[in-house]
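Read the structure below first, then the notes.
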Amino acid sequence: MSSDKRNWEEFMEGIWRQNPVFVMVLGMCPTLAVTVSAINALSMGLATFFVLVCSCALVSLLRKQIPKEVRIATYIVIIATFVTVVDYLIQAISLKLYEALGAFIQLIVVNCIILGRAEAHASKHPPLAAMINAAGMGIGFTIGLLALGVVREILGAGTLFGVALFGAHFQPWVIMVLPPGGFFVLGAWLLLFAALERRKQRRRAEQLEVAQHG
Amino acid sequence: MAESVAQIFVNALLANNFVLAMFLGLCPFLGVSGKLDTAFPMGVATTFVMLVASLCAYGLNLLLTSFHLEFLRLIAYIVVIASAVQLVEMVLKKYSPALFRALGIYLPLITTNCAVLGVALFQTAREYDFAQSLAFSLGGGAGFTLALVLMASVRERLQLSDVPAVAQGTALSLMLAGILSLGFMGFAGLGG
Amino acid sequence: MNPATNALPDTTPALAMIRTLGLIAALCGAIIVAAYQGTFDAVQENKRIALERAVFKVIPAATSVVEYLAYSDGRIEKVGAGGTASGGSAANEDIGGLKFYAGYDAAGHLVGIAAEGAAKGYADTVRLLFGYDPVQARISGFSVVAMRETPGIGDKVGRDAAFLANFPLDARLGADQRRLAQPIRTVKHGSKTNPWEIDAIAGATITSRAVGKAIDDAAQILLPRLVPQLDQLREQP
């Protein structure tokens with residue numbers, strides 16, 4: 001069905017073409033702060049996913065009721081509600097995880113991705129479409145976080161998800177789990193994607209030339 | 001944990017700089033720091049909002065705690081911040097329309113600046129009193145402005161340099177930020 | 001929205017706006033309260049387990065923990081299930097009581113006291129639980145509750161054998177019983193000469209100092225209040 005295809009495309013948008021971390025470069029604060037280990041990155045990604053989907057669902061359900069003039073404030077209140085819920089959920093699940101993620105759980109509320117989705121998409125689409133799009137974004141965000149978390153944990157601590165990889169003589173590259181490391185690793189990923197993109201462009205241009213002159 | 005007001009200020013400004021060490025306020029940091037003459041006013045506007053947010057958060061926290069309504073803290077803080085930003089927008093529009101236009105979309109985006117909510121949340125978590133909160137928000141805002149201005153200055157000069165095309169854009173800004181962050185690590189322990 | 005009125009097309013009438021916003025606010029409030037109530041028991045249980053684990057780590061001989069508050073006027077009050085516990089941290093000791101934990105063994109005898117301390121470290125606050133041996137008047141050891149120190153450098157304070165060998169520390173009260181005889185201090189690596197000093201880890205001075213300051217700040221206030229009342233606590237209530 002064309003509607004299923006459209007839903008699938010919406011879903012994949014958030015994962016690749018409009019990946020919030022690598023393409024839109026939004027929600028940077030938690031991305032760099034929390035990704036010192038893979039498990040923290042995964043948890044933050046899932047928490048954001050939860051808030052994204054629930055908020056967009058509620059915004060979409062209420063989209064005809066929310067007065068235009070105060071819509072941003074209303075979206076923020078709805079997002080803050082679900083962030084508070086996630087905050088208590090994480091405390092109930094694992095206090096250790098809660099301490100590790102710290103203030104950045106509550107800072108999900110000002111993650112530009114969620115507000116952006118609510119404003120750009122959820123307020124204009126029915127609930128199911130809104131939730132699918134939000135889910136795609138959430139997963140894309142989690143993938144981005146994991147990409148950072150995995151690299152930083154392997155290089156900076158020699159472990160992956162807490163499992164030691166290299167044995168006792170590994171000297172961890174500590175800077176990777178410190179703030180500068182966050183900037184460098186994300187910059188490196190962006191550099192990689194830019195290089196891949198340029199190669200793709202160049203190849204496409206070459207093919208075009210061959211087609212024209214060949 | 002009696003930290004002196006001066007210690008808190010210097011710490012928030014340098015050793016635990018909001019942008020380069022605590023990762024707060026990154027979206028505007030990467031977005032607005034292209035030009036020096038927008039970076040500085042942005043920093044000042046954000047500092048002002050942080051100050052207002054800090055004071056209101058302090059009062060709100062006292063109120064909510066006395067009624068055992070701590071679970072409403074986040075919503076209360078964010079609503080106050082949104083209102084403070086509205087206020088700043090209205091004031092700027094009236095008294096300095098040129099600046100208002102120059103800052104453009106980034107002015108309402110101060111609401112989603114992690115640094116502003118971050119000030120409120122951190123000062124609550126650390127149980128700062130009134131004077132300490134004030135020092136914290138002023139120091140944090142000044143640190144944010146400092147980082148923004150440093151970044152803008154370097155980026156402006158880099159525009160005249162021969163940066164490989166593959167690295168231009170956000171990747172370059174991030175590398176820059178990483179080097180700045182490394183530099184600021186040297187301030188560790190400053191001020192006790 | 002409704003078709004335009006004469007004055008302002010497409011503006012929501014104020015009353016309708018207030019009503020809708022009020023409903024949304026009520027809905028959000030209900031969601032939050034539901035989440036809070038729903039998770040309350042689990043969160044309290046988690047906190048209790050974490051606390052007990054920390055106290056048992058610091059007072060190894062203990063099998064049960066009782067929470068108390070020590071007030072500046074000399075009262076010691078047990079924090080019960082329905083207790084009105086106000087205060088707790090060294091920062092606001094004037095307002096309420098300073099919280100501490102008494103560890104009892106299986107026979108109900110006091111085997112140690114544990115209390116929280118906190119001080120600014122390199123990155124953020126270092127919060128720890130330290131143990132006090134009431135028989136020998138010594139700080140027997142500590143355990144980190146929360147810290148964000150540099151991995152591999154500052155966070156060695158919790159694991160480094162040489163650092164942990166600093167303990168037990170002499171924590172006798174001075175002649176006037178109002179302060180410690182000697183403040184607990186962190187000194188440069190290799191220069192420890194007295195039993196109340198902590199030898200810092202080389203290269204992790206700031207975090208080491210935070211540990212010393214956290215213990216000293218808390219002990220200076222708690223011990224003068226606690227020591228005169230120790231007899232009250234000898235047996236488990």
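So you can find residues: chains in the structure tokens are A, B, ... in the order shown, residues in each start at 1, and ligands are numbered from 1 in order.
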Could you build a table of the residues in chain C lying no more than 12 Å from chain B, giving for each the nearest pair of atoms and their separation in Å rounded to one decimal place, using only C-alpha atoms, ordered by chain and ascending residue number, as JSON lines?
```
{"residue": "C:Ala25", "atom": "CA", "partner": "B:Ile75", "partner_atom": "CA", "distance": 10.3}
{"residue": "C:Cys28", "atom": "CA", "partner": "B:Ile75", "partner_atom": "CA", "distance": 9.7}
{"residue": "C:Gly29", "atom": "CA", "partner": "B:Leu72", "partner_atom": "CA", "distance": 8.2}
{"residue": "C:Ala30", "atom": "CA", "partner": "B:Leu72", "partner_atom": "CA", "distance": 11.1}
{"residue": "C:Ile31", "atom": "CA", "partner": "B:Phe71", "partner_atom": "CA", "distance": 11.2}
{"residue": "C:Ile32", "atom": "CA", "partner": "B:Phe71", "partner_atom": "CA", "distance": 7.4}
{"residue": "C:Val33", "atom": "CA", "partner": "B:Phe71", "partner_atom": "CA", "distance": 7.8}
{"residue": "C:Ala34", "atom": "CA", "partner": "B:Phe71", "partner_atom": "CA", "distance": 10.9}
{"residue": "C:Ala35", "atom": "CA", "partner": "B:Phe71", "partner_atom": "CA", "distance": 9.7}
{"residue": "C:Tyr36", "atom": "CA", "partner": "B:Phe71", "partner_atom": "CA", "distance": 7.3}
{"residue": "C:Gln37", "atom": "CA", "partner": "B:Phe71", "partner_atom": "CA", "distance": 10.3}
{"residue": "C:Thr39", "atom": "CA", "partner": "B:Phe71", "partner_atom": "CA", "distance": 11.9}
{"residue": "C:Phe40", "atom": "CA", "partner": "B:Phe71", "partner_atom": "CA", "distance": 11.2}
{"residue": "C:Ser86", "atom": "CA", "partner": "B:Ser66", "partner_atom": "CA", "distance": 11.8}
{"residue": "C:Ser89", "atom": "CA", "partner": "B:Met1", "partner_atom": "CA", "distance": 8.7}
{"residue": "C:Ala90", "atom": "CA", "partner": "B:Met1", "partner_atom": "CA", "distance": 6.9}
{"residue": "C:Ala91", "atom": "CA", "partner": "B:Met1", "partner_atom": "CA", "distance": 5.4}
{"residue": "C:Asn92", "atom": "CA", "partner": "B:Met1", "partner_atom": "CA", "distance": 9.1}
{"residue": "C:Glu93", "atom": "CA", "partner": "B:Met1", "partner_atom": "CA", "distance": 10.7}
{"residue": "C:Glu116", "atom": "CA", "partner": "B:Met1", "partner_atom": "CA", "distance": 11.6}
{"residue": "C:Gly117", "atom": "CA", "partner": "B:Met1", "partner_atom": "CA", "distance": 8.6}
{"residue": "C:Ala118", "atom": "CA", "partner": "B:Met1", "partner_atom": "CA", "distance": 6.4}
{"residue": "C:Ala119", "atom": "CA", "partner": "B:Met1", "partner_atom": "CA", "distance": 5.7}
{"residue": "C:Lys120", "atom": "CA", "partner": "B:Met1", "partner_atom": "CA", "distance": 7.6}
{"residue": "C:Gly121", "atom": "CA", "partner": "B:Gly189", "partner_atom": "CA", "distance": 8.4}
{"residue": "C:Tyr122", "atom": "CA", "partner": "B:Gly189", "partner_atom": "CA", "distance": 6.5}
{"residue": "C:Ala123", "atom": "CA", "partner": "B:Asn16", "partner_atom": "CA", "distance": 6.9}
{"residue": "C:Asp124", "atom": "CA", "partner": "B:Asn16", "partner_atom": "CA", "distance": 8.5}
{"residue": "C:Thr125", "atom": "CA", "partner": "B:Arg126", "partner_atom": "CA", "distance": 8.2}
{"residue": "C:Val126", "atom": "CA", "partner": "B:Met1", "partner_atom": "CA", "distance": 10.5}
{"residue": "C:Arg127", "atom": "CA", "partner": "B:Met1", "partner_atom": "CA", "distance": 10.5}
{"residue": "C:Arg148", "atom": "CA", "partner": "B:Met22", "partner_atom": "CA", "distance": 11.3}
{"residue": "C:Glu149", "atom": "CA", "partner": "B:Ala188", "partner_atom": "CA", "distance": 11.6}
{"residue": "C:Thr150", "atom": "CA", "partner": "B:Met185", "partner_atom": "CA", "distance": 11.3}
{"residue": "C:Ala204", "atom": "CA", "partner": "B:Gly189", "partner_atom": "CA", "distance": 10.9}
{"residue": "C:Thr205", "atom": "CA", "partner": "B:Gly189", "partner_atom": "CA", "distance": 9.4}
{"residue": "C:Ile206", "atom": "CA", "partner": "B:Gly189", "partner_atom": "CA", "distance": 6.7}
{"residue": "C:Thr207", "atom": "CA", "partner": "B:Gly189", "partner_atom": "CA", "distance": 9.8}
{"residue": "C:Arg209", "atom": "CA", "partner": "B:Gly192", "partner_atom": "CA", "distance": 10.0}
{"residue": "C:Ala210", "atom": "CA", "partner": "B:Gly192", "partner_atom": "CA", "distance": 10.2}
{"residue": "C:Lys213", "atom": "CA", "partner": "B:Met1", "partner_atom": "CA", "distance": 9.1}
{"residue": "C:Ala214", "atom": "CA", "partner": "B:Met1", "partner_atom": "CA", "distance": 8.0}
{"residue": "C:Ile215", "atom": "CA", "partner": "B:Met1", "partner_atom": "CA", "distance": 11.0}
{"residue": "C:Asp216", "atom": "CA", "partner": "B:Met1", "partner_atom": "CA", "distance": 10.9}
{"residue": "C:Asp217", "atom": "CA", "partner": "B:Met1", "partner_atom": "CA", "distance": 7.6}
{"residue": "C:Ala218", "atom": "CA", "partner": "B:Met1", "partner_atom": "CA", "distance": 9.1}
```
Distance-based interface of chain A with chain C, 6 Å, counting only C-alpha atoms, as a PyMOL selection string: chain A and resi 81+85+91-92
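Look at stretch 68-73 of chain C: the protein and nucleic acid residues within 7 Å of it, using only C-alpha atoms and passing over chain neighbours fewer than 2 places away, are Val66, Arg75, Ile76, Glu77, Lys78, Val79, Gly96, Gly97, Leu98, Lys99, Phe100, Tyr101, Arg225 and Leu226 of chain C.
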Got time to write the residues from that selection, N, CA and C atoms, as a tab-separated table (two decimals), in the first residue's frame?
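Now in out-v4.tsv:
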```
chain	number	residue	atom	x	y	z
C	66	VAL	N	20.76	1.56	61.30
C	66	VAL	CA	19.71	2.43	61.83
C	66	VAL	C	20.12	3.87	61.55
C	75	ARG	N	20.91	16.54	70.98
C	75	ARG	CA	19.93	15.47	70.85
C	75	ARG	C	20.36	14.50	69.75
C	76	ILE	N	20.02	13.24	69.98
C	76	ILE	CA	20.17	12.26	68.90
C	76	ILE	C	18.80	11.67	68.69
C	77	GLU	N	18.32	11.74	67.47
C	77	GLU	CA	16.98	11.20	67.23
C	77	GLU	C	17.02	10.16	66.13
C	78	LYS	N	16.31	9.10	66.37
C	78	LYS	CA	16.23	8.04	65.37
C	78	LYS	C	15.30	8.49	64.27
C	79	VAL	N	15.69	8.19	63.03
C	79	VAL	CA	14.81	8.48	61.91
C	79	VAL	C	13.97	7.24	61.68
C	96	GLY	N	18.71	21.62	60.49
C	96	GLY	CA	18.21	20.38	61.03
C	96	GLY	C	19.32	19.58	61.65
C	97	GLY	N	19.09	18.29	61.73
C	97	GLY	CA	20.12	17.44	62.30
C	97	GLY	C	21.03	16.91	61.21
C	98	LEU	N	22.22	16.48	61.60
C	98	LEU	CA	23.15	15.87	60.65
C	98	LEU	C	22.89	14.37	60.64
C	99	LYS	N	22.67	13.82	59.44
C	99	LYS	CA	22.29	12.42	59.37
C	99	LYS	C	23.51	11.53	59.53
C	100	PHE	N	23.38	10.45	60.30
C	100	PHE	CA	24.42	9.43	60.31
C	100	PHE	C	23.76	8.07	60.48
C	101	TYR	N	24.55	7.04	60.22
C	101	TYR	CA	24.01	5.68	60.25
C	101	TYR	C	24.78	4.86	61.27
C	225	ARG	N	29.08	16.26	68.12
C	225	ARG	CA	27.71	16.03	68.55
C	225	ARG	C	27.50	14.58	68.93
C	226	LEU	N	28.24	13.70	68.25
C	226	LEU	CA	27.97	12.28	68.37
C	226	LEU	C	28.65	11.65	69.58
```
Mind running chain B against chain A at 7 Å and telling me each contacting residue's nearest atom pair with the distance in Å (one decimal), counting only C-alpha atoms, chain and number ascending, as CSV?
```
residue,atom,partner,partner_atom,distance
B:Leu20,CA,A:Pro179,CA,6.9
B:Ala21,CA,A:Pro179,CA,5.6
B:Phe23,CA,A:Cys29,CA,5.3
B:Leu24,CA,A:Cys29,CA,5.6
B:Gly25,CA,A:Cys29,CA,6.8
B:Leu26,CA,A:Cys29,CA,5.8
B:Cys27,CA,A:Met28,CA,6.2
B:Leu74,CA,A:Ala80,CA,6.6
B:Ile75,CA,A:Ala80,CA,5.6
B:Thr112,CA,A:Val110,CA,4.5
B:Asn113,CA,A:Val110,CA,6.6
B:Cys114,CA,A:Val110,CA,6.0
B:Leu121,CA,A:Ala103,CA,6.9
B:Val166,CA,A:Ala194,CA,5.8
B:Ala167,CA,A:Leu191,CA,5.8
B:Ala171,CA,A:Gly187,CA,4.5
B:Leu172,CA,A:Gly187,CA,7.0
B:Leu174,CA,A:Gly187,CA,5.1
B:Met175,CA,A:Phe184,CA,5.5
B:Ala177,CA,A:Phe183,CA,6.4
B:Gly178,CA,A:Pro180,CA,4.3
B:Ile179,CA,A:Pro180,CA,6.8
B:Ser181,CA,A:Pro180,CA,5.2
B:Leu182,CA,A:Pro180,CA,5.6
```
Deliver the residues from the most recent selection as a file, using C-alpha atoms, as an mmCIF file, in the first residue's frame.
```cif
data_model
loop_
_atom_site.group_PDB
_atom_site.id
_atom_site.type_symbol
_atom_site.label_atom_id
_atom_site.label_comp_id
_atom_site.auth_asym_id
_atom_site.auth_seq_id
_atom_site.Cartn_x
_atom_site.Cartn_y
_atom_site.Cartn_z
ATOM 1 C CA LEU B 20 33.661 23.347 26.884
ATOM 2 C CA ALA B 21 33.550 21.186 29.988
ATOM 3 C CA PHE B 23 28.538 20.388 27.312
ATOM 4 C CA LEU B 24 25.741 22.852 27.909
ATOM 5 C CA GLY B 25 24.633 25.330 25.290
ATOM 6 C CA LEU B 26 26.193 23.526 22.365
ATOM 7 C CA CYS B 27 23.504 24.156 19.741
ATOM 8 C CA LEU B 74 11.022 20.547 35.821
ATOM 9 C CA ILE B 75 7.788 21.895 34.375
ATOM 10 C CA THR B 112 15.940 25.354 24.326
ATOM 11 C CA ASN B 113 19.478 26.260 25.322
ATOM 12 C CA CYS B 114 20.594 23.519 27.694
ATOM 13 C CA LEU B 121 19.018 22.139 37.530
ATOM 14 C CA VAL B 166 35.997 17.813 3.335
ATOM 15 C CA ALA B 167 36.534 19.269 6.791
ATOM 16 C CA ALA B 171 33.336 19.006 11.513
ATOM 17 C CA LEU B 172 35.795 21.882 11.684
ATOM 18 C CA LEU B 174 33.838 20.465 16.462
ATOM 19 C CA MET B 175 37.580 19.970 16.099
ATOM 20 C CA ALA B 177 35.816 23.097 20.100
ATOM 21 C CA GLY B 178 37.813 20.043 21.082
ATOM 22 C CA ILE B 179 41.068 21.994 21.050
ATOM 23 C CA SER B 181 38.162 22.308 25.500
ATOM 24 C CA LEU B 182 41.624 20.783 25.861
#
```
Tell me, as a list in words, which residues lie within 12 Å of B:Leu55, counting only C-alpha atoms; anything in the same chain fewer than 5 positions away does not count. Phe48, Val49, Met50, Leu60, Asn61, Leu62, Tyr77, Val80, Ile81, Ala84, Val116, Val119, Ala120, Gln123, Thr124, Tyr128, Asp129, Phe130, Ala131, Gln132, Ser133, Leu134, Ala135, Phe136, Ser137 and Leu138 of chain B
Writing out the chosen residues with N, CA and C atoms as a short mmCIF file (atom, residue, chain, number, x, y, z; two decimals), in the first residue's frame:
```
data_model
loop_
_atom_site.label_atom_id
_atom_site.label_comp_id
_atom_site.auth_asym_id
_atom_site.auth_seq_id
_atom_site.Cartn_x
_atom_site.Cartn_y
_atom_site.Cartn_z
N PHE B 48 21.82 36.96 30.47
CA PHE B 48 20.72 37.61 31.16
C PHE B 48 19.61 36.62 31.46
N VAL B 49 19.26 35.81 30.45
CA VAL B 49 18.20 34.81 30.67
C VAL B 49 18.63 33.82 31.75
N MET B 50 19.91 33.44 31.74
CA MET B 50 20.39 32.50 32.75
C MET B 50 20.25 33.09 34.14
N LEU B 60 11.36 29.32 43.07
CA LEU B 60 10.41 28.24 42.79
C LEU B 60 10.74 27.01 43.60
N ASN B 61 12.05 26.72 43.70
CA ASN B 61 12.46 25.52 44.42
C ASN B 61 12.03 25.60 45.88
N LEU B 62 12.24 26.78 46.49
CA LEU B 62 11.82 26.95 47.88
C LEU B 62 10.33 26.71 48.02
N TYR B 77 10.30 25.08 36.09
CA TYR B 77 11.51 25.74 35.60
C TYR B 77 11.37 26.10 34.13
N VAL B 80 9.06 28.97 33.37
CA VAL B 80 9.67 30.24 33.76
C VAL B 80 10.70 30.69 32.72
N ILE B 81 11.47 29.72 32.24
CA ILE B 81 12.49 30.07 31.24
C ILE B 81 11.83 30.57 29.96
N ALA B 84 10.75 34.03 30.49
CA ALA B 84 11.87 34.98 30.55
C ALA B 84 12.36 35.32 29.15
N VAL B 116 20.69 27.24 29.96
CA VAL B 116 19.76 27.98 30.82
C VAL B 116 19.06 27.03 31.79
N VAL B 119 21.59 25.60 34.31
CA VAL B 119 21.88 26.42 35.49
C VAL B 119 20.89 26.11 36.60
N ALA B 120 19.61 26.14 36.23
CA ALA B 120 18.58 25.90 37.24
C ALA B 120 18.72 24.52 37.87
N GLN B 123 22.09 24.14 40.03
CA GLN B 123 22.12 24.84 41.31
C GLN B 123 21.16 24.20 42.30
N THR B 124 20.09 23.59 41.79
CA THR B 124 19.19 22.88 42.69
C THR B 124 19.85 21.63 43.23
N TYR B 128 22.71 25.19 46.21
CA TYR B 128 23.32 26.50 46.41
C TYR B 128 22.33 27.44 47.07
N ASP B 129 22.87 28.36 47.88
CA ASP B 129 21.98 29.38 48.42
C ASP B 129 21.88 30.53 47.43
N PHE B 130 21.25 31.62 47.83
CA PHE B 130 20.92 32.68 46.89
C PHE B 130 22.16 33.29 46.25
N ALA B 131 23.13 33.66 47.10
CA ALA B 131 24.33 34.31 46.57
C ALA B 131 25.12 33.36 45.69
N GLN B 132 25.20 32.09 46.12
CA GLN B 132 25.94 31.11 45.33
C GLN B 132 25.27 30.90 43.97
N SER B 133 23.92 30.87 43.96
CA SER B 133 23.21 30.69 42.70
C SER B 133 23.50 31.84 41.75
N LEU B 134 23.50 33.04 42.32
CA LEU B 134 23.77 34.23 41.51
C LEU B 134 25.15 34.13 40.87
N ALA B 135 26.14 33.79 41.71
CA ALA B 135 27.51 33.67 41.20
C ALA B 135 27.60 32.59 40.14
N PHE B 136 26.90 31.50 40.38
CA PHE B 136 26.93 30.38 39.46
C PHE B 136 26.37 30.78 38.10
N SER B 137 25.23 31.44 38.08
CA SER B 137 24.62 31.78 36.80
C SER B 137 25.43 32.86 36.08
N LEU B 138 25.95 33.83 36.84
CA LEU B 138 26.76 34.87 36.20
C LEU B 138 28.04 34.27 35.63
#
```
Using Å and a single decimal, report how far atom CA of A:Glu13 sits from atom CA of A:Asn133. 7.7 Å
If you run DSSP on the backbone, which residues of chain A are alpha helix (DSSP H), as number ranges by chain? A: 2-15, 28-34, 38-61, 71-93, 95-101, 112-120, 127-157, 179-213
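Here atom CA of C:Asp176 stands at a distance of 28.3 Å from atom CA of B:Ser4.
The space separating atom CA of C:Ala26 from atom CA of B:Thr111 comes to 23.0 Å.
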